[in-house]
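Colleague: This structure is in structure tokens; I'll ask about it shortly.
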Amino acid sequence: MTDDVRNIVLGVIATGISASLGWIARTWLWRRGLRRKQAFFGLPSHSECLLVVNRYAGAEGSVHRHDAFALLELSALIKDCGAQARIVTHDAARQGFGERTEFCVGGPTSNQRMAAHLRTLLPGVRINVEQEPGPDRVAFQIGSERYRMEPGTSEYVLLARLTGGQDARPVFLFCGQRAITNQAATRYAVRHHERLRREHGAASFCLLLRVVNSDAYGPDVVELVGDVTREAQTPAPSAPAPHRAGR
């Protein structure tokens, strides 16, 4: 074998080894990322989760298009994790939480399941469900702070990951003032799950997000207002009983 042939053979072998090592490294990194995503969302391979669907206000049996888009984004996430989704309407999800991962979409006016989760898991959150027009319609009250909606300009949504114990599967809440904010929160969770995992690990959290100028930017421009976990999990003080004058 001449030196030239030997050098060509050695070069081919070196290239093959480098390509194999690169493929092994990429596969290892991909699998590690997948395991972390599965752990954060509580979606191990072949597991089943719940997608709790709300209703379109004023149209029983239908779903707002932005909520449908939110469900599609969650469905893609679930498929990526190798899990399976079972879709349940909000008024038919009569079961506890923790056995399966649950994704619950919609505010308390359109989603009875969300209203129950807020009462049980986030008792410090109050949402004005009155249908009368006014500045406080669908306003969030979290602790001592109130967050009013300016339609199309400044709207708020809660993104929460809540667990009932170490081995319990999480419940994800996407509770917004409008349907487009629900979609914004699901997109935010999917895009930023790595950072959320690093910051919160397996612990429960509740974030308040603000959707900026949705009339122009849709659900894409989202600001993190803050971590409101402590305030949201602290029961709001009861209103004082009215004073009755003695007879």
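Letters A, B, ... mark the chains of the structure tokens in the order given; residue numbers begin at 1 per chain; ligand numbers begin at 1, in order shown.
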When DSSP is applied to the backbone of this structure, which of chain A are assigned helix (DSSP H, G or I)? Write them out as an MDAnalysis selection string.
Modeller: chainID A and resid 3:41 65:80 112:121 179:191 193:200 214:217 229:233
Colleague: I'd like the contact shell of range 193-206 of chain A - 9 Å cut-off, only C-alpha atoms, skipping same-chain residues fewer than 3 positions apart - returned as a list in words.
Modeller: Gly33, Arg36, Lys37, Ala39, Phe40, Phe41, Leu122, Leu158, Leu159, Ala160, Arg161, Leu162, Thr163, Gly164, Gln166, Pro170, Leu173, Tyr188, Ala189, Val190, Gly226, Asp227, Val228, Thr229, Arg230, Ala232 and Gln233 of chain A
Colleague: Could you work out how far CA of Gly176 in chain A lies from CA of Leu34 in chain A, giving the answer in Å with one decimal?
Modeller: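 About the pair CA of Leu34 in chain A and CA of Gly176 in chain A: they are 28.3 Å apart.
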Colleague: Name the closest residue to Val222 in chain A among the candidates A:Val125, A:Thr234, A:Ala184, A:Met149; distances are taken between atoms, counting only C-alpha atoms.
Modeller: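 Once distances to Val222 in chain A are computed over only C-alpha atoms, the minimum belongs to A:Ala184.
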Colleague: May I have the residues within 7 Å of range 69-73 of chain A as a list in words, using only C-alpha atoms and disregarding those fewer than 3 positions away in the same chain?
Modeller: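 The residues that qualify are Arg65, His66, Ala76, Leu77, Asn182, Gln183, Thr186 and Arg187 of chain A.
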Colleague: With a distance cut-off of 12 Å and only C-alpha atoms, select the neighbouring residues of Ala116 in chain A, excluding the residue or stretch itself and same-chain residues fewer than 6 positions from it, and output the selection as a list in words.
Modeller: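 Non-adjacent residues within range: His90, Asp91, Ala93, Arg94, Gln95, Gly96, Phe97, Cys104, Gly107, Pro108, Thr109, Ser110, Leu122, Pro123, Val125 and Leu173 of chain A.
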Colleague: Enumerate as an MDAnalysis selection string all residues of range 2-246 of chain A assigned to strand (DSSP E) by DSSP on the backbone, naming them with the chain letters and numbers the document uses.
Modeller: chainID A and resid 48:53 84:89 101:105 125:127 140:142 145:147 154:162 171:176 205:212 222:227
Colleague: Quick one, how far is CA of Cys81 in chain A from CA of Thr181 in chain A?
Modeller: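 Between CA of Cys81 in chain A and CA of Thr181 in chain A the gap is 24.3 Å.
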Colleague: Find, counting only C-alpha atoms, the residue in A:Ile17, A:Gly218, A:Thr2, A:Pro237 that gets nearest to Ser144 in chain A.
Modeller: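 Selected residue with least distance to Ser144 in chain A: A:Pro237.
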Colleague: Calculate how many Å separate CA of Leu208 in chain A from CA of Leu224 in chain A, rounding to one decimal.
Modeller: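 CA of Leu224 in chain A lies 6.4 Å from CA of Leu208 in chain A.
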Colleague: Leaving out Glu223 in chain A and any residue of its chain fewer than 3 positions from it, which residues lie within 7 Å of it when counting only C-alpha atoms, given as a PyMOL selection string?
Modeller: chain A and resi 209-211
Colleague: Residues of the last selection are to be written out with all heavy atoms, as a short mmCIF file (atom, residue, chain, number, x, y, z; two decimals), in the first residue's frame.
Modeller:
data_model
loop_
_atom_site.label_atom_id
_atom_site.label_comp_id
_atom_site.auth_asym_id
_atom_site.auth_seq_id
_atom_site.Cartn_x
_atom_site.Cartn_y
_atom_site.Cartn_z
N LEU A 209 -48.34 36.83 33.39
CA LEU A 209 -47.82 37.32 32.12
C LEU A 209 -48.72 38.43 31.59
O LEU A 209 -49.93 38.45 31.85
CB LEU A 209 -47.75 36.18 31.10
CG LEU A 209 -47.04 34.89 31.52
CD1 LEU A 209 -47.18 33.84 30.42
CD2 LEU A 209 -45.58 35.15 31.83
N ARG A 210 -48.11 39.31 30.81
CA ARG A 210 -48.88 40.37 30.14
C ARG A 210 -48.70 40.24 28.64
O ARG A 210 -47.56 40.18 28.16
CB ARG A 210 -48.43 41.76 30.61
CG ARG A 210 -49.28 42.89 30.06
CD ARG A 210 -48.96 44.20 30.76
NE ARG A 210 -47.71 44.76 30.29
CZ ARG A 210 -47.60 45.69 29.32
NH1 ARG A 210 -48.70 46.13 28.71
NH2 ARG A 210 -46.43 46.15 28.98
N VAL A 211 -49.80 40.17 27.94
CA VAL A 211 -49.78 40.10 26.48
C VAL A 211 -49.88 41.52 25.95
O VAL A 211 -50.83 42.25 26.26
CB VAL A 211 -50.93 39.23 25.94
CG1 VAL A 211 -50.86 39.11 24.42
CG2 VAL A 211 -50.88 37.84 26.58
#
Colleague: Would you please work out which residue, of A:Pro44, A:Arg100, A:Phe172, A:Val212, is nearest to Pro151 in chain A when using only C-alpha atoms?
Modeller: A:Val212
Colleague: With distances taken over only C-alpha atoms, which of A:Pro235, A:Gly16, A:Gly143, A:Gly106 is nearest to Val63 in chain A?
Modeller: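 Of all the options, A:Gly106 lies closest to Val63 in chain A.
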